[in-house]
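**Q** Questions regarding the structure given below will be posed in turn.
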Number of protein chains: 2
Amino acid sequence: MNGPVSALDPAVAARLRRSSDGLVAAIVQEAGTGDVLMLAWMDDEALHRTLTSGRATYWSRSRQEYWVKGATSGHHQYVKSVSLDCDGDALLVTVEQVGAACHTGTHTCFSDNLPVTDGEGARA
Amino acid sequence: MNGPVSALDPAVAARLRRSSDGLVAAIVQEAGTGDVLMLAWMDDEALHRTLTSGRATYWSRSRQEYWVKGATSGHHQYVKSVSLDCDGDALLVTVEQVGAACHTGTHTCFSDNLPVTDGEGARA
């Protein structure tokens, strides 16, 4: 496992199936609206901090450092719940989002709609 | 780029930032309820098929093959919209889900809640 030794509960750590760089995907969903805001990454320590601090904390792959969402932008994410998926490689984090979730200033990071052209398989 | 040459629209393909194995993450959300159902992976061709067939199609990392959701289970996902995130490495796919999204038979793959213990950083 990459990264420093983490204080993450060993019972939780044992259920994670990490990528080759020691990470699991974290889907961030806004509580209340249900809007999917962003996708980020966590290692064991980021998950530990998220679960115990009440503040969404990620591992930045580009900066190679921990990243408390909102620490510089003020766009905090207060953690409401965290769930692990059936095969242990993805988390669903529901948050109370302050301000814009996306660094571009938009509410969510998913604002680029791709054209869907229904084929024969589509339901009418 | 890994995998076969894809018929994906080059304008879309140019915006993807793929992992080292040629994939982007696909967050699957149920239209209507807003429930996040699962996380899967797509290469260019899986995205092309998803956008043009109306049926959610993924790349199975474990089986190393394309996977039309519901083809064997009957738990089809009819695609309503697909959005790309700000840095091009994640997709949000909204679907009409037939039956259980999870292979374990549950509605979503995220049914394993982890304990959140609010710390000083939490909002009251």
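Letters for chains follow the order of the structure tokens (A, B, ...), residue numbers begin at 1 for each chain, and ligand numbers begin at 1 in the order shown.
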Using only C-alpha atoms and a distance of at most 7 Å, pull out the residues of chain A that contact chain B, as a count of residues only.

**A** 31

**Q** If you run DSSP on the backbone, which residues of chain B are strand (DSSP E), as a PyMOL selection string?

**A** chain B and resi 24-30+36-42+57-60+65-68+77-84+90-97+112-114

**Q** Please dump the current selection as a short mmCIF file (atom, residue, chain, number, x, y, z; two decimals), in the first residue's frame; keep N, CA and C atoms.

**A**
data_model
loop_
_atom_site.label_atom_id
_atom_site.label_comp_id
_atom_site.auth_asym_id
_atom_site.auth_seq_id
_atom_site.Cartn_x
_atom_site.Cartn_y
_atom_site.Cartn_z
N VAL B 24 -12.17 5.95 -18.50
CA VAL B 24 -12.71 7.03 -17.67
C VAL B 24 -13.77 6.42 -16.76
N ALA B 25 -13.91 7.01 -15.58
CA ALA B 25 -14.90 6.53 -14.62
C ALA B 25 -16.29 6.95 -15.05
N ALA B 26 -17.27 6.10 -14.84
CA ALA B 26 -18.66 6.42 -15.16
C ALA B 26 -19.52 6.25 -13.92
N ILE B 27 -19.99 7.38 -13.41
CA ILE B 27 -20.91 7.38 -12.28
C ILE B 27 -22.31 7.19 -12.84
N VAL B 28 -23.05 6.24 -12.29
CA VAL B 28 -24.37 5.94 -12.81
C VAL B 28 -25.43 6.38 -11.80
N GLN B 29 -26.29 7.29 -12.25
CA GLN B 29 -27.32 7.86 -11.37
C GLN B 29 -28.69 7.56 -11.96
N GLU B 30 -29.62 7.21 -11.08
CA GLU B 30 -30.98 6.93 -11.54
C GLU B 30 -31.73 8.22 -11.80
N VAL B 36 -27.54 7.42 -6.60
CA VAL B 36 -26.31 6.97 -7.26
C VAL B 36 -26.29 5.45 -7.17
N LEU B 37 -26.24 4.80 -8.31
CA LEU B 37 -26.42 3.35 -8.37
C LEU B 37 -25.12 2.57 -8.33
N MET B 38 -24.11 3.04 -9.06
CA MET B 38 -22.87 2.27 -9.21
C MET B 38 -21.79 3.12 -9.85
N LEU B 39 -20.58 2.62 -9.80
CA LEU B 39 -19.47 3.21 -10.54
C LEU B 39 -18.93 2.14 -11.48
N ALA B 40 -18.79 2.51 -12.75
CA ALA B 40 -18.24 1.57 -13.73
C ALA B 40 -17.20 2.31 -14.55
N TRP B 41 -16.68 1.65 -15.59
CA TRP B 41 -15.60 2.22 -16.39
C TRP B 41 -15.92 2.13 -17.86
N MET B 42 -15.50 3.11 -18.62
CA MET B 42 -15.70 3.11 -20.07
C MET B 42 -14.40 3.46 -20.78
N THR B 57 -23.25 0.89 -21.56
CA THR B 57 -22.26 -0.12 -21.94
C THR B 57 -20.93 0.24 -21.30
N TYR B 58 -20.34 -0.71 -20.62
CA TYR B 58 -19.12 -0.46 -19.86
C TYR B 58 -17.99 -1.38 -20.34
N TRP B 59 -16.79 -1.06 -19.84
CA TRP B 59 -15.66 -1.95 -20.02
C TRP B 59 -15.43 -2.66 -18.70
N SER B 60 -15.51 -3.98 -18.72
CA SER B 60 -15.29 -4.76 -17.51
C SER B 60 -13.79 -4.97 -17.32
N GLU B 65 -13.73 -7.16 -21.13
CA GLU B 65 -14.64 -7.21 -22.28
C GLU B 65 -15.73 -6.16 -22.11
N TYR B 66 -16.41 -5.83 -23.22
CA TYR B 66 -17.54 -4.91 -23.13
C TYR B 66 -18.68 -5.61 -22.44
N TRP B 67 -19.49 -4.79 -21.80
CA TRP B 67 -20.52 -5.30 -20.92
C TRP B 67 -21.73 -4.38 -21.05
N VAL B 68 -22.77 -4.88 -21.71
CA VAL B 68 -24.02 -4.13 -21.81
C VAL B 68 -24.83 -4.45 -20.56
N GLN B 77 -30.19 -0.72 -18.26
CA GLN B 77 -30.07 0.71 -17.98
C GLN B 77 -30.27 1.47 -19.28
N TYR B 78 -31.38 2.18 -19.37
CA TYR B 78 -31.69 2.99 -20.54
C TYR B 78 -31.15 4.39 -20.30
N VAL B 79 -30.30 4.84 -21.19
CA VAL B 79 -29.55 6.07 -20.99
C VAL B 79 -30.42 7.30 -21.24
N LYS B 80 -30.41 8.19 -20.26
CA LYS B 80 -31.15 9.45 -20.41
C LYS B 80 -30.22 10.61 -20.74
N SER B 81 -29.05 10.66 -20.14
CA SER B 81 -28.10 11.74 -20.42
C SER B 81 -26.70 11.29 -20.02
N VAL B 82 -25.71 11.91 -20.62
CA VAL B 82 -24.30 11.65 -20.28
C VAL B 82 -23.59 12.99 -20.23
N SER B 83 -22.89 13.25 -19.13
CA SER B 83 -22.12 14.49 -19.00
C SER B 83 -20.68 14.16 -18.65
N LEU B 84 -19.79 14.99 -19.16
CA LEU B 84 -18.36 14.84 -18.88
C LEU B 84 -17.96 15.89 -17.85
N ALA B 90 -14.10 11.83 -15.86
CA ALA B 90 -15.26 11.16 -15.26
C ALA B 90 -16.53 11.54 -16.02
N LEU B 91 -17.42 10.57 -16.11
CA LEU B 91 -18.71 10.76 -16.77
C LEU B 91 -19.82 10.58 -15.74
N LEU B 92 -20.89 11.34 -15.92
CA LEU B 92 -22.11 11.12 -15.15
C LEU B 92 -23.17 10.63 -16.12
N VAL B 93 -23.64 9.42 -15.90
CA VAL B 93 -24.61 8.79 -16.80
C VAL B 93 -25.93 8.67 -16.03
N THR B 94 -26.98 9.32 -16.50
CA THR B 94 -28.27 9.13 -15.85
C THR B 94 -29.05 8.11 -16.66
N VAL B 95 -29.70 7.23 -15.92
CA VAL B 95 -30.36 6.09 -16.56
C VAL B 95 -31.73 5.83 -15.96
N GLU B 96 -32.54 5.15 -16.77
CA GLU B 96 -33.74 4.52 -16.25
C GLU B 96 -33.33 3.09 -15.91
N GLN B 97 -33.35 2.75 -14.64
CA GLN B 97 -32.87 1.45 -14.18
C GLN B 97 -34.02 0.45 -14.09
N ASP B 112 -23.28 -0.10 1.95
CA ASP B 112 -22.43 -0.39 3.10
C ASP B 112 -22.02 0.94 3.75
N ASN B 113 -22.83 1.39 4.70
CA ASN B 113 -22.57 2.70 5.33
C ASN B 113 -21.41 2.63 6.31
N LEU B 114 -20.47 3.55 6.18
CA LEU B 114 -19.34 3.62 7.10
C LEU B 114 -19.65 4.62 8.21
#

**Q** Would you please extract all helix (DSSP H, G or I) residues from chain B, as assigned by DSSP on the backbone, and give them as a count of residues only?

**A** 14

**Q** How many Å separate CA of Ala71 in chain A from CA of Ala100 in chain A?

**A**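 One can read the CA of Ala71 in chain A to CA of Ala100 in chain A distance as 13.3 Å.
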
**Q** Tell me, as JSON, numbers by chain, which residues lie within 9 Å of Gly74 in chain A, counting only C-alpha atoms; anything in the same chain fewer than 5 positions away does not count.

**A** {"A": [69, 98, 99]}

**Q** Measure the distance from CA of Asp43 in chain B to CA of Arg18 in chain A in Å and round it to one decimal.

**A**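 Between CA of Asp43 in chain B and CA of Arg18 in chain A the gap is 20.0 Å.
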